[in-house]
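One file, final.cif, is given below (mmCIF, C-alpha atoms).
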```cif
data_run
#
loop_
_atom_site.group_PDB
_atom_site.id
_atom_site.type_symbol
_atom_site.label_atom_id
_atom_site.label_comp_id
_atom_site.auth_asym_id
_atom_site.auth_seq_id
_atom_site.Cartn_x
_atom_site.Cartn_y
_atom_site.Cartn_z
ATOM 1 C CA MET A 985 99.647 92.232 88.028
ATOM 2 C CA ALA A 986 98.734 88.928 86.375
ATOM 3 C CA TYR A 987 102.229 87.528 86.864
ATOM 4 C CA ASN A 988 104.537 88.014 89.828
ATOM 5 C CA ARG A 989 108.238 88.699 90.378
ATOM 6 C CA GLY A 990 110.074 85.372 90.418
ATOM 7 C CA GLU A 991 107.491 83.586 88.291
ATOM 8 C CA ILE A 992 108.768 81.327 85.512
ATOM 9 C CA ILE A 993 106.825 82.039 82.333
ATOM 10 C CA GLU A 994 107.112 80.903 78.718
ATOM 11 C CA MET A 995 107.240 82.912 75.501
ATOM 12 C CA TYR A 996 107.723 82.391 71.783
ATOM 13 C CA LEU A 997 110.725 84.220 70.403
ATOM 14 C CA ASP A 998 109.791 83.711 66.747
ATOM 15 C CA LEU A 999 107.764 86.708 65.698
ATOM 16 C CA PRO A 1000 105.448 86.189 63.905
ATOM 17 C CA TYR A 1001 104.764 82.736 65.357
ATOM 18 C CA LEU A 1002 105.359 79.713 63.176
ATOM 19 C CA GLU A 1003 103.985 76.211 63.599
ATOM 20 C CA THR A 1004 107.488 75.090 64.436
ATOM 21 C CA SER A 1005 107.928 77.770 67.115
ATOM 22 C CA LYS A 1006 109.198 76.511 70.433
ATOM 23 C CA PRO A 1007 108.387 78.259 73.732
ATOM 24 C CA HIS A 1008 111.312 79.488 75.854
ATOM 25 C CA PRO A 1009 111.245 79.888 79.645
ATOM 26 C CA PHE A 1010 112.000 83.206 81.355
ATOM 27 C CA VAL A 1011 112.000 84.465 84.953
ATOM 28 C CA ILE A 1012 110.275 87.754 85.809
ATOM 29 C CA ILE A 1013 112.662 89.996 87.760
ATOM 30 C CA SER A 1014 110.773 93.303 87.664
ATOM 31 C CA ASN A 1015 108.577 94.538 90.499
ATOM 32 C CA ASP A 1016 104.906 95.581 90.635
ATOM 33 C CA ASP A 1017 105.772 99.231 89.872
ATOM 34 C CA VAL A 1018 107.021 98.384 86.370
ATOM 35 C CA TYR A 1019 103.763 96.595 85.594
ATOM 36 C CA GLN A 1020 101.615 99.303 87.210
ATOM 37 C CA GLU A 1021 103.314 102.076 85.245
ATOM 38 C CA ASP A 1022 103.759 100.489 81.827
ATOM 39 C CA GLY A 1023 101.997 97.118 81.848
ATOM 40 C CA MET A 1024 105.150 95.167 81.098
ATOM 41 C CA TYR A 1025 107.595 92.771 82.731
ATOM 42 C CA ILE A 1026 111.402 92.600 82.700
ATOM 43 C CA CYS A 1027 112.545 88.986 82.347
ATOM 44 C CA VAL A 1028 115.743 86.962 82.032
ATOM 45 C CA MET A 1029 116.052 83.779 80.028
ATOM 46 C CA LEU A 1030 116.289 80.277 81.502
ATOM 47 C CA THR A 1031 118.011 77.378 79.784
ATOM 48 C CA HIS A 1032 118.982 73.763 80.437
ATOM 49 C CA SER A 1033 122.459 74.343 78.998
ATOM 50 C CA THR A 1034 125.025 72.837 81.378
ATOM 51 C CA LYS A 1035 127.912 75.026 80.303
ATOM 52 C CA ILE A 1036 128.812 77.400 83.120
ATOM 53 C CA ASP A 1037 130.302 80.827 82.419
ATOM 54 C CA LYS A 1038 130.238 84.333 83.894
ATOM 55 C CA PHE A 1039 126.584 84.892 82.848
ATOM 56 C CA THR A 1040 125.357 81.730 84.601
ATOM 57 C CA PHE A 1041 123.034 81.824 87.592
ATOM 58 C CA GLU A 1042 122.353 78.211 88.481
ATOM 59 C CA VAL A 1043 118.771 77.492 89.551
ATOM 60 C CA THR A 1044 118.646 74.612 92.019
ATOM 61 C CA ASN A 1045 115.585 72.772 93.267
ATOM 62 C CA GLU A 1046 115.674 74.452 96.701
ATOM 63 C CA MET A 1047 115.247 77.827 94.974
ATOM 64 C CA LEU A 1048 111.923 76.777 93.448
ATOM 65 C CA VAL A 1049 108.486 76.976 95.042
ATOM 66 C CA LYS A 1050 107.438 73.697 93.374
ATOM 67 C CA SER A 1051 109.813 70.849 92.674
ATOM 68 C CA GLY A 1052 111.582 71.196 89.313
ATOM 69 C CA ASP A 1053 112.085 68.660 86.511
ATOM 70 C CA GLY A 1054 115.429 67.507 87.946
ATOM 71 C CA LYS A 1055 117.400 68.831 84.978
ATOM 72 C CA PHE A 1056 120.207 71.351 85.383
ATOM 73 C CA SER A 1057 118.852 74.867 84.857
ATOM 74 C CA GLN A 1058 120.510 78.223 84.651
ATOM 75 C CA VAL A 1059 119.468 81.807 84.074
ATOM 76 C CA ARG A 1060 121.460 83.568 81.343
ATOM 77 C CA CYS A 1061 121.990 86.876 83.158
ATOM 78 C CA HIS A 1062 122.641 88.920 80.012
ATOM 79 C CA LEU A 1063 119.567 87.785 78.079
ATOM 80 C CA VAL A 1064 117.110 90.372 79.361
ATOM 81 C CA VAL A 1065 113.781 91.077 77.691
ATOM 82 C CA ASN A 1066 110.894 93.506 78.186
ATOM 83 C CA VAL A 1067 107.543 91.869 77.497
ATOM 84 C CA LYS A 1068 103.859 92.617 77.683
ATOM 85 C CA GLY A 1069 101.430 90.155 79.237
ATOM 86 C CA GLU A 1070 100.019 89.244 75.806
ATOM 87 C CA HIS A 1071 103.371 87.699 74.811
ATOM 88 C CA ILE A 1072 103.276 85.255 77.707
ATOM 89 C CA ILE A 1073 101.900 81.776 77.028
ATOM 90 C CA LYS A 1074 99.107 80.890 79.440
ATOM 91 C CA ASN A 1075 100.120 77.855 81.485
ATOM 92 C CA SER A 1076 98.322 76.492 84.536
ATOM 93 C CA ASN A 1077 101.338 74.604 85.867
ATOM 94 C CA ARG A 1078 103.548 77.576 86.593
ATOM 95 C CA ASN A 1079 106.537 77.518 88.921
ATOM 96 C CA SER A 1080 108.342 80.348 90.721
ATOM 97 C CA ILE A 1081 111.718 81.170 92.192
ATOM 98 C CA LYS A 1082 111.524 82.104 95.887
ATOM 99 C CA LYS A 1083 111.870 85.804 96.708
ATOM 100 C CA THR A 1084 115.241 85.471 98.451
ATOM 101 C CA TYR A 1085 116.735 83.822 95.382
ATOM 102 C CA VAL A 1086 115.225 86.384 92.990
ATOM 103 C CA ASP A 1087 117.035 89.106 94.965
ATOM 104 C CA ARG A 1088 120.206 87.026 94.623
ATOM 105 C CA LEU A 1089 119.603 86.633 90.872
ATOM 106 C CA VAL A 1090 119.032 90.377 90.383
ATOM 107 C CA SER A 1091 122.342 91.064 92.129
ATOM 108 C CA ARG A 1092 124.041 88.604 89.741
ATOM 109 C CA VAL A 1093 122.437 90.296 86.701
ATOM 110 C CA GLU A 1094 123.595 93.678 87.983
ATOM 111 C CA VAL A 1095 127.200 92.614 88.649
ATOM 112 C CA THR A 1096 127.787 90.335 85.649
ATOM 113 C CA ALA A 1097 125.747 92.051 82.939
ATOM 114 C CA LEU A 1098 125.248 95.682 83.929
ATOM 115 C CA SER A 1099 128.378 96.752 85.854
ATOM 116 C CA GLN A 1100 131.883 97.434 84.579
ATOM 117 C CA MET B 1335 75.200 71.621 151.856
ATOM 118 C CA LEU B 1336 76.898 74.953 151.990
ATOM 119 C CA LEU B 1337 79.435 75.510 149.277
ATOM 120 C CA THR B 1338 82.624 77.191 150.458
ATOM 121 C CA LEU B 1339 84.579 79.179 147.973
ATOM 122 C CA ASP B 1340 88.110 80.174 148.923
ATOM 123 C CA ILE B 1341 89.604 82.368 146.234
ATOM 124 C CA TYR B 1342 93.003 82.438 147.958
ATOM 125 C CA GLN B 1343 93.181 78.677 147.986
ATOM 126 C CA MET B 1344 92.216 78.498 144.315
ATOM 127 C CA ALA B 1345 94.805 81.040 143.266
ATOM 128 C CA GLU B 1346 97.549 79.808 145.561
ATOM 129 C CA PRO B 1347 99.381 77.541 143.064
ATOM 130 C CA ILE B 1348 99.842 80.250 140.488
ATOM 131 C CA VAL B 1349 100.609 82.953 143.049
ATOM 132 C CA LYS B 1350 103.209 80.738 144.698
ATOM 133 C CA GLU B 1351 104.789 79.763 141.395
ATOM 134 C CA THR B 1352 105.089 83.295 140.120
ATOM 135 C CA LYS B 1353 105.942 85.006 143.418
ATOM 136 C CA HIS B 1354 109.450 85.740 142.228
ATOM 137 C CA SER B 1355 108.534 86.294 138.596
ATOM 138 C CA GLY B 1356 109.511 89.960 138.767
ATOM 139 C CA PHE B 1357 113.050 88.979 139.620
ATOM 140 C CA LEU B 1358 113.114 86.227 136.990
ATOM 141 C CA LEU B 1359 111.700 88.511 134.281
ATOM 142 C CA GLY B 1360 114.358 91.054 135.177
ATOM 143 C CA VAL B 1361 117.095 88.457 134.724
ATOM 144 C CA LEU B 1362 115.604 87.277 131.424
ATOM 145 C CA PHE B 1363 115.276 90.848 130.155
ATOM 146 C CA PHE B 1364 118.919 91.498 131.072
ATOM 147 C CA VAL B 1365 120.104 88.346 129.262
ATOM 148 C CA LYS B 1366 117.951 89.152 126.215
ATOM 149 C CA SER B 1367 119.215 92.763 126.043
ATOM 150 C CA ARG B 1368 122.825 91.614 126.218
ATOM 151 C CA PHE B 1369 122.225 88.998 123.531
ATOM 152 C CA VAL B 1370 120.479 91.501 121.218
ATOM 153 C CA LYS B 1371 123.332 93.969 121.688
ATOM 154 C CA LYS B 1372 125.863 91.247 120.960
ATOM 155 C CA ILE B 1373 124.100 90.142 117.739
ATOM 156 C CA ASN B 1374 123.837 93.770 116.568
ATOM 157 C CA ASN B 1375 127.548 94.336 117.183
ATOM 158 C CA LYS B 1376 128.538 91.102 115.413
ATOM 159 C CA LEU B 1377 126.344 91.947 112.401
ATOM 160 C CA ASP B 1378 127.870 95.464 112.218
ATOM 161 C CA ALA B 1379 131.386 94.023 112.347
ATOM 162 C CA PHE B 1380 130.655 91.430 109.647
ATOM 163 C CA ILE B 1381 129.067 94.007 107.318
ATOM 164 C CA LEU B 1382 132.007 96.407 107.766
ATOM 165 C CA THR B 1383 134.580 93.684 107.107
ATOM 166 C CA LEU B 1384 132.692 92.477 104.061
ATOM 167 C CA GLU B 1385 132.378 95.975 102.608
ATOM 168 C CA GLY B 1386 136.089 96.497 103.209
ATOM 169 C CA SER B 1387 136.847 93.273 101.317
ATOM 170 C CA PHE B 1388 135.387 94.708 98.103
ATOM 171 C CA HIS B 1389 138.520 96.844 97.742
ATOM 172 C CA HIS B 1390 140.707 93.739 97.590
ATOM 173 C CA VAL B 1391 138.531 91.149 95.889
ATOM 174 C CA ASP B 1392 139.786 92.096 92.400
ATOM 175 C CA GLU B 1393 143.302 91.131 93.474
ATOM 176 C CA LEU B 1394 142.292 87.466 93.887
ATOM 177 C CA ASP B 1395 143.457 84.940 91.310
ATOM 178 C CA THR B 1396 140.935 82.468 89.875
ATOM 179 C CA PRO B 1397 141.585 79.502 92.247
ATOM 180 C CA LYS B 1398 141.384 81.737 95.330
ATOM 181 C CA ALA B 1399 138.226 83.429 94.039
ATOM 182 C CA GLU B 1400 136.683 80.018 93.334
ATOM 183 C CA LYS B 1401 137.413 78.750 96.851
ATOM 184 C CA LEU B 1402 136.059 81.934 98.400
ATOM 185 C CA LEU B 1403 132.970 81.651 96.188
ATOM 186 C CA ILE B 1404 132.236 78.141 97.506
ATOM 187 C CA ASP B 1405 132.734 79.297 101.116
ATOM 188 C CA THR B 1406 130.541 82.368 100.557
ATOM 189 C CA LYS B 1407 127.688 80.203 99.209
ATOM 190 C CA LYS B 1408 127.901 78.035 102.336
ATOM 191 C CA ILE B 1409 127.896 81.064 104.612
ATOM 192 C CA ILE B 1410 124.833 82.476 102.833
ATOM 193 C CA ASP B 1411 123.018 79.144 103.343
ATOM 194 C CA ASP B 1412 123.977 79.110 107.047
ATOM 195 C CA LEU B 1413 122.778 82.688 107.459
ATOM 196 C CA TYR B 1414 119.457 81.825 105.772
ATOM 197 C CA LEU B 1415 118.866 79.259 108.529
ATOM 198 C CA ILE B 1416 119.887 81.636 111.316
ATOM 199 C CA ASN B 1417 117.701 84.381 109.843
ATOM 200 C CA GLU B 1418 114.707 82.008 109.636
ATOM 201 C CA ARG B 1419 115.137 81.008 113.285
ATOM 202 C CA LEU B 1420 115.355 84.639 114.403
ATOM 203 C CA LYS B 1421 112.368 85.573 112.223
ATOM 204 C CA LYS B 1422 110.246 82.992 114.086
ATOM 205 C CA ILE B 1423 110.915 84.817 117.375
ATOM 206 C CA TYR B 1424 110.484 88.264 115.754
ATOM 207 C CA TYR B 1425 114.209 89.061 116.076
ATOM 208 C CA PHE B 1426 113.787 89.460 119.875
ATOM 209 C CA GLY B 1427 111.531 92.436 119.129
ATOM 210 C CA ASP B 1428 114.499 94.354 117.689
ATOM 211 C CA ASN B 1429 113.902 95.768 114.179
ATOM 212 C CA ASN B 1430 117.590 96.623 113.760
ATOM 213 C CA ILE B 1431 118.493 92.928 113.618
ATOM 214 C CA SER B 1432 116.006 92.275 110.824
ATOM 215 C CA GLU B 1433 117.195 95.318 108.836
ATOM 216 C CA LYS B 1434 120.844 94.408 109.326
ATOM 217 C CA PHE B 1435 120.215 90.866 108.089
ATOM 218 C CA GLN B 1436 118.563 92.235 104.931
ATOM 219 C CA TYR B 1437 121.476 94.597 104.356
ATOM 220 C CA LEU B 1438 123.979 91.806 105.037
ATOM 221 C CA PHE B 1439 122.275 89.544 102.478
ATOM 222 C CA ARG B 1440 122.351 92.287 99.819
ATOM 223 C CA THR B 1441 126.074 92.808 100.498
ATOM 224 C CA LEU B 1442 126.760 89.070 100.420
ATOM 225 C CA TYR B 1443 124.899 88.673 97.100
ATOM 226 C CA LYS B 1444 127.047 91.399 95.571
ATOM 227 C CA PHE B 1445 130.171 89.789 97.020
ATOM 228 C CA GLU B 1446 129.134 86.362 95.690
ATOM 229 C CA SER B 1447 128.375 87.798 92.234
ATOM 230 C CA THR B 1448 131.732 89.587 92.103
ATOM 231 C CA LEU B 1449 133.519 86.348 93.002
ATOM 232 C CA HIS B 1450 131.534 84.466 90.355
ATOM 233 C CA LYS B 1451 132.574 87.038 87.753
ATOM 234 C CA ILE B 1452 136.264 86.696 88.709
ATOM 235 C CA THR B 1453 136.090 82.890 88.847
ATOM 236 C CA TYR B 1454 134.686 82.620 85.310
ATOM 237 C CA LYS B 1455 136.401 85.612 83.703
ATOM 238 C CA ASP B 1456 138.651 83.372 81.550
ATOM 239 C CA THR B 1457 136.008 80.749 80.762
ATOM 240 C CA PRO B 1458 134.696 81.092 77.201
ATOM 241 C CA VAL B 1459 131.123 82.396 77.165
ATOM 242 C CA SER B 1460 128.568 79.957 75.824
ATOM 243 C CA LYS B 1461 127.418 81.218 72.418
ATOM 244 C CA THR B 1462 123.780 82.263 72.311
ATOM 245 C CA PRO B 1463 122.040 81.015 69.135
ATOM 246 C CA ASP B 1464 121.310 83.806 66.645
ATOM 247 C CA GLU B 1465 117.589 83.059 66.566
ATOM 248 C CA ILE B 1466 117.402 83.598 70.366
ATOM 249 C CA LEU B 1467 119.252 86.925 70.137
ATOM 250 C CA SER B 1468 117.085 87.970 67.235
ATOM 251 C CA GLY B 1469 113.871 86.937 69.057
ATOM 252 C CA ILE B 1470 114.837 88.820 72.225
ATOM 253 C CA SER B 1471 115.686 91.885 70.185
ATOM 254 C CA LYS B 1472 112.369 91.761 68.308
ATOM 255 C CA LEU B 1473 110.397 91.323 71.542
ATOM 256 C CA ASN B 1474 112.176 94.296 73.119
ATOM 257 C CA ILE B 1475 111.512 96.464 70.074
ATOM 258 C CA GLN B 1476 107.873 95.438 69.946
ATOM 259 C CA THR B 1477 107.340 96.123 73.667
ATOM 260 C CA LEU B 1478 109.290 99.380 73.826
ATOM 261 C CA SER B 1479 108.360 100.884 70.442
ATOM 262 C CA LYS B 1480 105.309 102.673 71.846
ATOM 263 C CA TYR B 1481 107.638 104.731 74.087
ATOM 264 C CA ALA B 1482 109.994 105.721 71.265
ATOM 265 C CA SER B 1483 108.399 108.913 70.058
#
```
Output the file's structure in the form of structure tokens.
Amino acid sequence: MAYNRGEIIEMYLDLPYLETSKPHPFVIISNDDVYQEDGMYICVMLTHSTKIDKFTFEVTNEMLVKSGDGKFSQVRCHLVVNVKGEHIIKNSNRNSIKKTYVDRLVSRVEVTALSQ
Amino acid sequence: MLLTLDIYQMAEPIVKETKHSGFLLGVLFFVKSRFVKKINNKLDAFILTLEGSFHHVDELDTPKAEKLLIDTKKIIDDLYLINERLKKIYYFGDNNISEKFQYLFRTLYKFESTLHKITYKDTPVSKTPDEILSGISKLNIQTLSKYAS
């Protein structure tokens, strides 16, 4: 698996890509089995929006493997996407969310976006 | 010059120091066993109480849910530290403690998420721009289309 659970990756959402396309950050929440079976990743979208609501999972600096940019960040728990590796923009300066906090995020996605 | 080697004399300090080690190890083992049993019991009690709380959490109003959410986050942080300390000493060689901590964290995450949902249930949801929704939809279709046959 080229990318790991918890890794923050970037993707273009404009398909086909335009010159004005802007990359968007996502966090991988799927495990190795998903990649082994179907070569894809399940991700949730990250944003710097400071508005907190029921779909917010705030990402603080202590949750990150490398220090963040200092800006407020949140995962939007209901913006889930299935992607193949080819959609991911190659970036050498990648960051990750620590395993403990990915488990916590997955629980938040389950309760706020997938449960009644 | 004839060299005299006295193995008893050489070993004396360590033999003397550890003469009563059997007794001391017994005491330490007893204390450790009691402590391990105590931690296991406390973890069981906490997990049971927490699971029982799920039946009542929906009855909380927003301010009470918000306060409990803040307290729960603090408790999770405290338990992270305790878990890290115990991990360093291999949970006193007791696998149950490690497993119970993992189960406790999963239960706490669900509890925290439920409280978050209640706390923000009346807060308007931030509108996702159409181009983001459209992009996510297109990516999902593109990735999953090969399975739709």
With a cut-off of 10 Å and counting only C-alpha atoms, select all residues of chain A in contact with chain B and give the selection as a PyMOL selection string.
chain A and resi 995-1000+1008+1022-1026+1029+1033-1041+1060+1063-1068+1071+1084-1085+1087-1097
Quick one: which residues end up in the PyMOL selection byres ((chain A and resi 1046) around 12) for this structure, as a list of chain:residue names?
A:Glu1042, A:Val1043, A:Thr1044, A:Asn1045, A:Met1047, A:Leu1048, A:Val1049, A:Lys1050, A:Ser1051, A:Gly1052, A:Gly1054, A:Ser1080, A:Ile1081, A:Lys1082, A:Lys1083, A:Thr1084, A:Tyr1085, B:Asp1411
Those residues with C-alpha atoms, as a PDB file, in the coordinates of the input please?
```
ATOM      1  CA  GLU A1042     122.353  78.211  88.481  1.00  0.00           C
ATOM      2  CA  VAL A1043     118.771  77.492  89.551  1.00  0.00           C
ATOM      3  CA  THR A1044     118.646  74.612  92.019  1.00  0.00           C
ATOM      4  CA  ASN A1045     115.585  72.772  93.267  1.00  0.00           C
ATOM      5  CA  MET A1047     115.247  77.827  94.974  1.00  0.00           C
ATOM      6  CA  LEU A1048     111.923  76.777  93.448  1.00  0.00           C
ATOM      7  CA  VAL A1049     108.486  76.976  95.042  1.00  0.00           C
ATOM      8  CA  LYS A1050     107.438  73.697  93.374  1.00  0.00           C
ATOM      9  CA  SER A1051     109.813  70.849  92.674  1.00  0.00           C
ATOM     10  CA  GLY A1052     111.582  71.196  89.313  1.00  0.00           C
ATOM     11  CA  GLY A1054     115.429  67.507  87.946  1.00  0.00           C
ATOM     12  CA  SER A1080     108.342  80.348  90.721  1.00  0.00           C
ATOM     13  CA  ILE A1081     111.718  81.170  92.192  1.00  0.00           C
ATOM     14  CA  LYS A1082     111.524  82.104  95.887  1.00  0.00           C
ATOM     15  CA  LYS A1083     111.870  85.804  96.708  1.00  0.00           C
ATOM     16  CA  THR A1084     115.241  85.471  98.451  1.00  0.00           C
ATOM     17  CA  TYR A1085     116.735  83.822  95.382  1.00  0.00           C
TER      18      TYR A1085
ATOM     19  CA  ASP B1411     123.018  79.144 103.343  1.00  0.00           C
TER      20      ASP B1411
END
```
Box in all listed atoms of segment 1064-1068 of chain A, axis-aligned, with 8 Å more on each side; write out centre and edge lengths in Å to one decimal as JSON.
```
{"center_x": 110.5, "center_y": 91.9, "center_z": 78.4, "size_x": 29.3, "size_y": 19.1, "size_z": 17.9}
```
In Å to one decimal, how far is atom CA of Lys1422 of chain B from atom CA of Ile1410 of chain B?
18.4 Å
Enumerate, as a list of chain:residue names, the residues matched when the PyMOL selection byres ((chain B and resi 1367-1376) around 8) is run on the file above.
B:Phe1363, B:Phe1364, B:Val1365, B:Lys1366, B:Leu1377, B:Asp1378, B:Ala1379, B:Phe1380, B:Phe1426, B:Asp1428, B:Asn1430, B:Ile1431, B:Lys1434
Could you save the residues just selected, with C-alpha atoms, as a PDB file, keeping the file's coordinate frame?
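Saved result, selection_38.pdb, follows:
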```pdb
ATOM      1  CA  PHE B1363     115.276  90.848 130.155  1.00  0.00           C
ATOM      2  CA  PHE B1364     118.919  91.498 131.072  1.00  0.00           C
ATOM      3  CA  VAL B1365     120.104  88.346 129.262  1.00  0.00           C
ATOM      4  CA  LYS B1366     117.951  89.152 126.215  1.00  0.00           C
ATOM      5  CA  LEU B1377     126.344  91.947 112.401  1.00  0.00           C
ATOM      6  CA  ASP B1378     127.870  95.464 112.218  1.00  0.00           C
ATOM      7  CA  ALA B1379     131.386  94.023 112.347  1.00  0.00           C
ATOM      8  CA  PHE B1380     130.655  91.430 109.647  1.00  0.00           C
ATOM      9  CA  PHE B1426     113.787  89.460 119.875  1.00  0.00           C
ATOM     10  CA  ASP B1428     114.499  94.354 117.689  1.00  0.00           C
ATOM     11  CA  ASN B1430     117.590  96.623 113.760  1.00  0.00           C
ATOM     12  CA  ILE B1431     118.493  92.928 113.618  1.00  0.00           C
ATOM     13  CA  LYS B1434     120.844  94.408 109.326  1.00  0.00           C
TER      14      LYS B1434
END
```
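Going from atom CA of Arg989 of chain A to atom CA of Ile1013 of chain A covers 5.3 Å.
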Atom-to-atom span, atom CA of Asn1075 of chain A and atom CA of Gln1058 of chain A, Å:
20.6 Å
Residue members of the PyMOL selection byres ((chain A and resi 1073) around 6) in the file shown, as a PyMOL selection string
chain A and resi 994-995+1072+1074
